[in-house]
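Shown next: final.cif, given as mmCIF, C-alpha atoms.
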```cif
data_upload
#
loop_
_atom_site.label_atom_id
_atom_site.label_comp_id
_atom_site.auth_asym_id
_atom_site.auth_seq_id
_atom_site.Cartn_x
_atom_site.Cartn_y
_atom_site.Cartn_z
CA MET A 1 -11.51 43.21 29.19
CA MET A 2 -8.38 43.98 31.19
CA ARG A 3 -5.85 46.79 30.90
CA VAL A 4 -2.41 45.19 30.69
CA ALA A 5 0.89 47.01 31.06
CA VAL A 6 3.29 45.38 28.59
CA LEU A 7 6.76 46.45 29.66
CA GLY A 8 9.01 46.14 26.64
CA ALA A 9 8.87 47.14 22.98
CA GLY A 10 10.58 44.30 21.15
CA SER A 11 9.27 41.30 19.26
CA ILE A 12 7.79 39.50 22.28
CA ALA A 13 6.19 42.65 23.67
CA TYR A 14 4.68 43.50 20.28
CA GLY A 15 3.49 39.94 19.75
CA ASN A 16 1.85 39.85 23.17
CA ALA A 17 0.26 43.26 22.67
CA ALA A 18 -1.21 42.24 19.31
CA LEU A 19 -2.55 38.98 20.74
CA LEU A 20 -4.02 40.71 23.80
CA SER A 21 -5.73 43.27 21.59
CA SER A 22 -7.12 40.53 19.33
CA LEU A 23 -8.61 38.89 22.43
CA GLY A 24 -10.39 42.06 23.51
CA HIS A 25 -7.96 43.43 26.11
CA GLU A 26 -6.30 46.84 26.38
CA PRO A 27 -2.51 46.49 26.12
CA VAL A 28 -0.34 49.48 26.98
CA LEU A 29 3.26 49.21 25.82
CA TRP A 30 6.24 50.92 27.43
CA SER A 31 9.70 51.11 25.87
CA PRO A 32 12.40 51.24 28.61
CA SER A 33 14.82 52.85 26.16
CA GLY A 34 12.21 55.30 24.89
CA LYS A 35 13.36 54.60 21.33
CA SER A 36 10.69 52.18 20.14
CA GLY A 37 7.02 52.65 19.35
CA GLN A 38 7.14 56.31 18.39
CA SER A 39 4.71 55.74 15.54
CA ILE A 40 2.36 53.86 17.88
CA ALA A 41 2.54 56.77 20.31
CA GLY A 42 1.57 58.98 17.38
CA GLY A 43 -1.57 56.94 16.74
CA ALA A 44 -0.45 54.20 14.34
CA SER A 45 -1.93 50.73 14.72
CA LEU A 46 0.27 47.72 15.48
CA THR A 47 0.37 45.48 12.41
CA ALA A 48 0.92 41.73 12.83
CA THR A 49 1.62 39.12 10.17
CA GLY A 50 2.16 35.37 10.26
CA SER A 51 0.28 33.25 12.80
CA LEU A 52 -1.62 36.38 13.89
CA ALA A 53 -2.57 38.76 11.11
CA GLY A 54 -4.24 42.13 11.36
CA SER A 55 -3.98 45.70 12.59
CA PHE A 56 -4.47 46.23 16.30
CA LYS A 57 -5.03 49.36 18.32
CA VAL A 58 -2.60 49.50 21.22
CA LYS A 59 -1.34 52.34 23.38
CA MET A 60 2.22 53.45 24.06
CA ALA A 61 2.96 54.92 27.49
CA ALA A 62 5.65 57.51 28.10
CA SER A 63 6.70 55.97 31.42
CA ALA A 64 6.43 52.78 33.46
CA ALA A 65 4.17 54.62 35.89
CA GLU A 66 1.76 55.58 33.12
CA ALA A 67 1.66 52.04 31.73
CA ILE A 68 1.05 50.46 35.13
CA SER A 69 -1.60 52.90 36.34
CA GLY A 70 -4.98 51.18 36.28
CA ALA A 71 -3.61 47.90 34.92
CA GLY A 72 -4.88 44.59 36.24
CA ALA A 73 -1.73 42.80 35.11
CA VAL A 74 1.85 43.94 34.51
CA LEU A 75 3.64 41.84 31.90
CA PHE A 76 7.43 42.00 31.61
CA ALA A 77 8.13 41.07 27.98
CA LEU A 78 11.73 41.94 27.24
CA PRO A 79 15.15 40.24 27.21
CA ALA A 80 16.58 39.20 30.57
CA ASN A 81 19.42 41.72 30.31
CA GLY A 82 16.70 44.38 30.55
CA HIS A 83 14.75 42.85 33.42
CA ARG A 84 16.51 44.65 36.26
CA LYS A 85 16.16 48.10 34.71
CA ALA A 86 12.48 47.55 33.89
CA MET A 87 11.72 46.01 37.29
CA ASP A 88 13.46 48.84 39.14
CA ALA A 89 11.39 51.31 37.12
CA ALA A 90 8.12 49.46 37.70
CA ALA A 91 8.36 48.36 41.33
CA PRO A 92 7.51 51.73 42.96
CA TYR A 93 4.23 51.94 41.02
CA LEU A 94 2.80 48.46 41.58
CA THR A 95 -0.36 48.36 43.69
CA ALA A 96 -2.25 45.73 45.65
CA GLY A 97 -4.60 43.71 43.48
CA GLN A 98 -2.33 43.64 40.46
CA VAL A 99 -0.55 40.54 39.18
CA VAL A 100 2.97 40.58 37.73
CA ILE A 101 3.75 38.20 34.84
CA ILE A 102 7.23 37.47 33.47
CA SER A 103 7.49 36.28 29.86
CA SER A 104 9.64 34.32 30.05
CA HIS A 105 11.33 33.58 33.35
CA THR A 106 15.10 33.41 33.39
CA SER A 107 17.87 33.92 35.94
CA PHE A 108 15.26 33.99 38.73
CA SER A 109 14.20 37.53 37.88
CA GLY A 110 10.85 36.56 39.45
CA LEU A 111 12.60 36.45 42.82
CA TYR A 112 14.16 39.85 42.13
CA ILE A 113 10.83 41.62 41.57
CA ALA A 114 9.15 39.55 44.30
CA ARG A 115 11.71 40.86 46.78
CA LYS A 116 10.95 44.46 45.81
CA ILE A 117 7.23 43.75 46.20
CA ALA A 118 7.78 42.21 49.64
CA GLU A 119 9.84 45.23 50.73
CA ARG A 120 6.76 47.37 50.01
CA GLY A 121 4.46 44.98 51.88
CA LEU A 122 2.22 44.44 48.84
CA ASP A 123 0.02 41.48 47.98
CA VAL A 124 1.11 41.18 44.35
CA PRO A 125 1.88 37.64 43.16
CA VAL A 126 4.55 37.09 40.52
CA VAL A 127 3.64 34.65 37.74
CA VAL A 128 6.52 33.18 35.76
CA TRP A 129 6.31 31.47 32.37
CA GLY A 130 8.64 28.77 31.07
CA THR A 131 8.55 30.30 27.59
CA THR A 132 6.74 33.01 25.68
CA VAL A 133 3.17 32.73 24.39
CA THR A 134 4.23 34.25 21.06
CA ALA A 135 7.43 33.95 19.08
CA GLY A 136 8.51 36.02 16.12
CA ARG A 137 10.45 39.05 14.98
CA LYS A 138 9.78 42.76 15.09
CA THR A 139 9.65 44.01 11.52
CA GLY A 140 9.23 47.74 12.07
CA ASP A 141 8.42 50.44 14.61
CA ALA A 142 4.76 49.41 14.49
CA SER A 143 4.90 45.90 13.02
CA VAL A 144 5.73 42.34 14.07
CA ASN A 145 5.76 38.94 12.42
CA VAL A 146 4.29 36.37 14.82
CA SER A 147 5.78 33.03 13.77
CA THR A 148 4.17 30.97 16.55
CA ILE A 149 1.40 31.18 19.14
CA ARG A 150 2.18 28.38 21.56
CA SER A 151 -0.56 25.99 22.59
CA LYS A 152 1.09 25.07 25.92
CA VAL A 153 3.10 27.27 28.29
CA ASP A 154 4.37 26.16 31.70
CA VAL A 155 3.47 28.52 34.53
CA ALA A 156 4.09 28.92 38.28
CA THR A 157 3.51 31.65 40.84
CA ILE A 158 5.58 33.18 43.66
CA PRO A 159 4.40 32.45 46.31
CA VAL A 160 2.91 29.06 45.48
CA SER A 161 -0.07 29.86 47.73
CA ALA A 162 -1.19 32.40 45.07
CA SER A 163 -1.01 29.86 42.21
CA GLU A 164 -4.75 29.71 41.59
CA ARG A 165 -4.95 33.49 41.33
CA GLY A 166 -1.95 33.68 39.01
CA LEU A 167 -3.21 30.93 36.71
CA LYS A 168 -6.68 32.48 36.53
CA VAL A 169 -5.31 35.83 35.35
CA CYS A 170 -3.15 34.17 32.68
CA GLN A 171 -6.15 32.22 31.41
CA GLU A 172 -8.34 35.31 31.42
CA LEU A 173 -5.77 37.14 29.32
CA PHE A 174 -4.55 34.47 26.90
CA GLY A 175 -6.96 31.54 27.14
CA ASP A 176 -6.59 27.94 28.22
CA ARG A 177 -3.00 27.30 27.19
CA PHE A 178 -1.20 27.23 30.56
CA VAL A 179 0.13 24.19 32.41
CA GLN A 180 0.57 24.64 36.17
CA ARG A 181 4.00 23.55 37.43
CA ASP A 182 5.26 23.05 40.97
CA ASP A 183 7.08 26.35 41.43
CA ALA A 184 9.40 28.89 39.83
CA LEU A 185 12.40 26.55 40.06
CA ALA A 186 10.53 24.02 37.94
CA ILE A 187 9.85 26.82 35.46
CA SER A 188 13.52 27.82 35.34
CA LEU A 189 14.45 24.22 34.65
CA SER A 190 11.81 24.12 31.89
CA ASN A 191 13.27 27.03 29.91
CA LEU A 192 15.03 25.46 26.93
CA ASN A 193 15.85 28.66 25.06
CA PRO A 194 19.35 29.21 26.52
CA GLN A 195 20.58 25.69 25.79
CA ASN A 196 18.99 25.63 22.32
CA HIS A 197 20.34 29.04 21.40
CA LEU A 198 23.81 27.97 22.60
CA GLY A 199 23.95 25.10 20.14
CA ILE A 200 22.40 27.02 17.25
CA ALA A 201 24.53 30.18 17.69
CA LEU A 202 27.80 28.41 18.39
CA CYS A 203 27.49 26.06 15.41
CA ASN A 204 26.53 28.93 13.07
CA PHE A 205 28.68 31.64 14.60
CA THR A 206 30.53 32.79 11.48
CA ARG A 207 27.23 33.07 9.61
CA MET A 208 26.12 35.52 12.29
CA GLU A 209 29.42 37.39 12.25
CA HIS A 210 29.37 37.74 8.45
CA GLY A 211 25.78 39.00 8.55
CA GLU A 212 24.51 36.19 6.36
CA THR A 213 20.86 35.34 5.84
CA TRP A 214 20.46 31.74 6.93
CA GLY A 215 17.53 29.53 7.81
CA GLN A 216 17.63 28.49 11.45
CA ASN A 217 15.92 25.14 11.07
CA GLU A 218 17.78 24.17 7.88
CA ASN A 219 21.03 24.66 9.79
CA ASN A 220 19.85 22.85 12.89
CA THR A 221 21.40 19.71 11.39
CA ASP A 222 21.68 16.23 12.86
CA SER A 223 25.01 17.14 14.49
CA VAL A 224 23.61 20.34 16.00
CA GLY A 225 20.57 18.35 17.12
CA ARG A 226 22.82 15.89 18.97
CA LEU A 227 24.52 18.79 20.77
CA LEU A 228 21.12 20.20 21.77
CA GLU A 229 20.05 16.82 23.13
CA ALA A 230 23.30 16.49 25.11
CA LEU A 231 22.69 19.93 26.62
CA ASP A 232 19.14 18.85 27.32
CA ALA A 233 20.39 15.77 29.18
CA GLU A 234 22.32 18.05 31.58
CA ARG A 235 19.21 20.11 32.30
CA LEU A 236 17.08 16.99 32.81
CA ALA A 237 19.65 15.52 35.22
CA ILE A 238 19.59 18.71 37.32
CA ALA A 239 15.79 18.71 37.36
CA GLU A 240 15.66 15.06 38.43
CA ALA A 241 18.18 15.64 41.24
CA ALA A 242 16.11 18.62 42.43
CA GLY A 243 12.93 16.52 42.44
CA TYR A 244 11.20 17.87 39.31
CA LYS A 245 9.90 16.31 36.12
CA VAL A 246 10.18 18.72 33.18
CA ARG A 247 9.62 18.47 29.45
CA THR A 248 12.33 17.13 27.18
CA ILE A 249 13.50 19.06 24.15
CA ARG A 250 11.59 16.67 21.90
CA GLU A 251 8.38 17.28 23.85
CA HIS A 252 9.03 21.02 23.65
CA TYR A 253 9.39 20.95 19.86
CA ASN A 254 6.27 18.81 19.57
CA LEU A 255 4.10 21.10 21.71
CA SER A 256 5.53 24.42 20.50
CA PHE A 257 5.81 23.71 16.78
CA HIS A 258 3.41 20.80 16.28
CA VAL A 259 5.86 18.31 14.73
CA GLU A 260 6.08 14.60 15.46
CA PRO A 261 8.58 13.74 18.24
CA GLY A 262 11.93 12.32 17.13
CA PRO A 263 15.60 13.29 16.94
CA VAL A 264 15.91 17.07 17.09
CA GLY A 265 17.67 17.28 13.73
CA GLU A 266 14.78 15.44 12.09
CA MET A 267 12.19 17.64 13.81
CA ALA A 268 14.06 20.74 12.58
CA ARG A 269 14.01 19.35 9.04
CA GLN A 270 10.25 18.94 9.25
CA LEU A 271 9.92 22.57 10.31
CA ALA A 272 12.26 23.76 7.56
CA ALA A 273 10.29 21.83 4.93
CA ARG A 274 7.16 23.57 6.19
CA GLY A 275 8.80 26.98 5.95
CA ASN A 276 8.58 27.48 9.72
CA GLY A 277 11.15 28.95 12.05
CA GLY A 278 12.46 31.93 10.12
CA ASN A 279 16.07 33.01 9.86
CA GLY A 280 18.79 32.84 12.47
CA PRO A 281 20.53 35.95 13.84
CA SER A 282 22.44 38.00 11.27
CA THR A 283 24.73 39.64 13.84
CA ILE A 284 26.72 38.54 16.87
CA ASP A 285 24.89 41.27 18.80
CA THR A 286 22.10 38.79 19.44
CA ARG A 287 20.08 37.78 22.47
CA TYR A 288 21.02 34.18 21.66
CA VAL A 289 24.35 35.03 23.31
CA LEU A 290 24.17 38.42 25.03
CA GLU A 291 21.03 37.47 26.98
CA ASP A 292 21.27 33.71 27.17
CA ALA A 293 24.91 33.25 28.18
CA PRO A 294 24.79 35.39 31.35
CA PHE A 295 21.11 34.97 32.24
CA GLY A 296 20.33 31.45 31.04
CA LEU A 297 23.45 29.30 30.80
CA HIS A 298 25.24 30.68 33.87
CA PRO A 299 22.29 30.14 36.26
CA THR A 300 21.97 26.56 34.96
CA VAL A 301 25.64 26.03 35.81
CA LEU A 302 24.95 27.28 39.35
CA LEU A 303 21.91 25.01 39.68
CA GLY A 304 24.04 22.09 38.53
CA LYS A 305 26.51 22.78 41.35
CA MET A 306 23.66 23.03 43.88
CA ALA A 307 22.16 19.75 42.73
CA GLY A 308 25.44 17.87 42.39
CA ARG A 309 24.90 17.46 38.64
CA PRO A 310 27.63 19.50 36.90
CA ALA A 311 26.45 21.20 33.69
CA ARG A 312 29.78 20.88 31.88
CA LEU A 313 28.50 21.66 28.39
CA HIS A 314 26.62 24.71 29.67
CA GLN A 315 29.81 25.90 31.41
CA ALA A 316 31.79 25.27 28.23
CA GLY A 317 29.27 27.38 26.33
CA VAL A 318 29.69 30.31 28.70
CA ASP A 319 33.49 30.00 28.50
CA ILE A 320 33.61 29.69 24.70
CA PHE A 321 31.27 32.63 24.14
CA SER A 322 33.27 34.71 26.64
CA ALA A 323 36.43 33.91 24.66
CA LEU A 324 34.76 34.69 21.30
CA TYR A 325 33.51 38.09 22.51
CA GLY A 326 36.38 38.97 24.85
CA ARG A 327 33.91 39.39 27.72
CA ASP A 328 33.10 37.71 31.02
CA PHE A 329 29.49 36.73 30.51
CA ALA A 330 29.04 35.16 33.94
CA ALA A 331 29.97 38.52 35.51
CA GLU A 332 27.39 40.35 33.37
CA ASN A 333 24.42 38.83 35.21
CA ASP A 334 23.05 41.71 37.31
CA LEU A 335 20.29 39.72 39.06
CA ILE A 336 21.72 36.73 40.90
CA GLY A 337 24.03 38.81 43.11
CA ASP A 338 21.16 40.71 44.73
CA ILE A 339 19.10 37.54 44.99
CA GLY A 340 22.03 35.81 46.68
CA LEU A 341 21.74 32.74 44.46
CA GLU A 342 25.42 31.81 44.50
CA ALA A 343 25.39 31.45 48.29
CA MET A 344 22.13 29.45 48.54
CA SER A 345 21.67 25.77 49.07
CA LEU A 346 19.17 23.93 46.92
CA ALA A 347 16.85 23.59 49.94
CA GLU A 348 16.99 27.36 50.57
CA LEU A 349 16.21 28.13 46.94
CA LYS A 350 13.28 25.71 46.88
CA SER A 351 11.86 27.30 50.04
CA LEU A 352 12.23 30.80 48.58
CA VAL A 353 10.48 30.06 45.28
CA ARG A 354 7.61 28.39 47.16
CA ASP A 355 7.07 30.88 49.97
CA GLY A 356 8.50 34.13 48.63
CA TRP A 357 10.47 36.68 50.62
CA ALA A 358 7.95 37.37 53.40
CA GLY A 359 9.68 36.79 56.73
CA LYS A 360 12.99 35.96 55.03
CA ARG A 361 15.63 38.14 53.44
CA ALA A 362 13.23 40.96 52.67
CA ALA A 363 12.57 41.38 56.41
#
```

What is this file in structure tokens?
Amino acid sequence: MMRVAVLGAGSIAYGNAALLSSLGHEPVLWSPSGKSGQSIAGGASLTATGSLAGSFKVKMAASAAEAISGAGAVLFALPANGHRKAMDAAAPYLTAGQVVIISSHTSFSGLYIARKIAERGLDVPVVVWGTTVTAGRKTGDASVNVSTIRSKVDVATIPVSASERGLKVCQELFGDRFVQRDDALAISLSNLNPQNHLGIALCNFTRMEHGETWGQNENNTDSVGRLLEALDAERLAIAEAAGYKVRTIREHYNLSFHVEPGPVGEMARQLAARGNGGNGPSTIDTRYVLEDAPFGLHPTVLLGKMAGRPARLHQAGVDIFSALYGRDFAAENDLIGDIGLEAMSLAELKSLVRDGWAGKRAA
């Protein structure tokens, strides 16, 4: 059994906490806003439905320090637009011997927390996942519907020399579902959520704005599927130019949702017929845009420039969403500036994700 600090109190944090508890571990949740989990703090069990059903005893900490104290692993399980705040709160309390896990890695937030760890001179590896172990929706202050528990999750560790240690902790916590990848750049290029959410949200935008209830997979039509595959082709081209082989969107759907590979529209129809996938967002205040445009699509655009493979559809997505919302989503990314990503060459980035900050910019 391991005590695990689960930093976050949304659907992914709740899903992870329930799964960890079901596997015999001791998850301790922390809500950065302080608004979620009040009933859990008062002694209520966390109730899960769907792919994981039951009532699970979890704890709710009042602070990041309390959650992290005595934990063997520290799991960041919250949207990317909350990573910096949570990482700034957690970094002073990390101790040697712990392992940090990011579910899931986006906008190179692994490098952000790794830099803070290096500045303190700690031996704390940072494990990054290409996607989440659980998917679903929070249904109440102490309840979550877990729609999927993924059978395969890509994983890498910063620095790469700590990969065996990082993989072992993930397996100890969640079982044999992790696939070791080259490094954190390979993981970033394996994260399909931003591109998929771009196509789904853009093509169903007025449904979201009107607050409609709509099935996500039923409305992932053949046309939307073609857009998703065109976005996927941009990501795959960047990965190839950078020297990585990553999963295609069809392989992702097959492994995550257990449907036969084929055109994405057809795979979505199979899921809809099964009743899988749930509803799409019913508001434009959704992570599909507010998280993924600045922290997913924009970094992919930057990687495309580094690799000489322009991500034109990704850039168009950022620009169109910015126009729809009257915001500058590229400017809302609060991680890449401190990492220095925009000024890096591809070779510099590859060296950093492999070796970490020791002896480099953290010096």

(request) Check which residues satisfy the PyMOL selection byres ((chain A and resi 238-245) around 8) in the file shown, then give them as number ranges by chain. (result) A: 186, 189, 234-237, 246-247, 303-304, 307-309, 346

(request) Place a sphere of radius 12 Å on (-2.3, 27.0, 39.6) in the file coordinates and name every protein, DNA or RNA residue with an atom inside or on its surface, counting all atoms listed in the file; give the answer as a list in words. (result)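 Result, sorted by chain then residue number: Pro125, Val127, Val128, Asp154, Val155, Ala156, Thr157, Ile158, Pro159, Val160, Ser161, Ala162, Ser163, Glu164, Arg165, Gly166, Leu167, Lys168, Val169, Cys170, Gln171, Phe178, Val179, Gln180, Arg181, Asp182, Asp183 and Ala184 of chain A.
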
(request) Measure the distance from atom CA of Ala64 of chain A to atom CA of Val144 of chain A in Å and round it to one decimal. (result) 22.0 Å

(request) Would you translate the PyMOL selection byres ((chain A and resi 254) around 12) into the concrete set of residues it matches in this file, as a PyMOL selection string? (result) chain A and resi 150-152+247-253+255-264+266-268+270-271

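Applied to the shown file, the PyMOL selection byres ((chain A and resi 218) around 9) selects the residues Trp214, Gly215, Gln216, Asn217, Asn219, Asn220, Thr221, Ala268, Arg269, Leu271, Ala272 and Ala273 of chain A.
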
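Separating atom CA of Tyr325 of chain A from atom CA of Gly225 of chain A is a distance of 24.2 Å.
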
(request) Could you check how far atom CA of Ala9 of chain A sits from atom CA of Ala77 of chain A, in Å to one decimal? (result) 7.9 Å

(request) Between A:Pro281, A:Thr47, A:Glu119, A:Gly82, single out the one closest to Arg207 of chain A, counting all atoms listed in the file. (result) A:Pro281

(request) Can you work out which one of A:Ala91, A:Leu335, A:Leu202, A:Leu227 has the shortest atom-to-atom distance to Gly121 of chain A, counting all atoms listed in the file? (result)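 Residue with the minimum atom-to-atom distance to Gly121 of chain A: A:Ala91.
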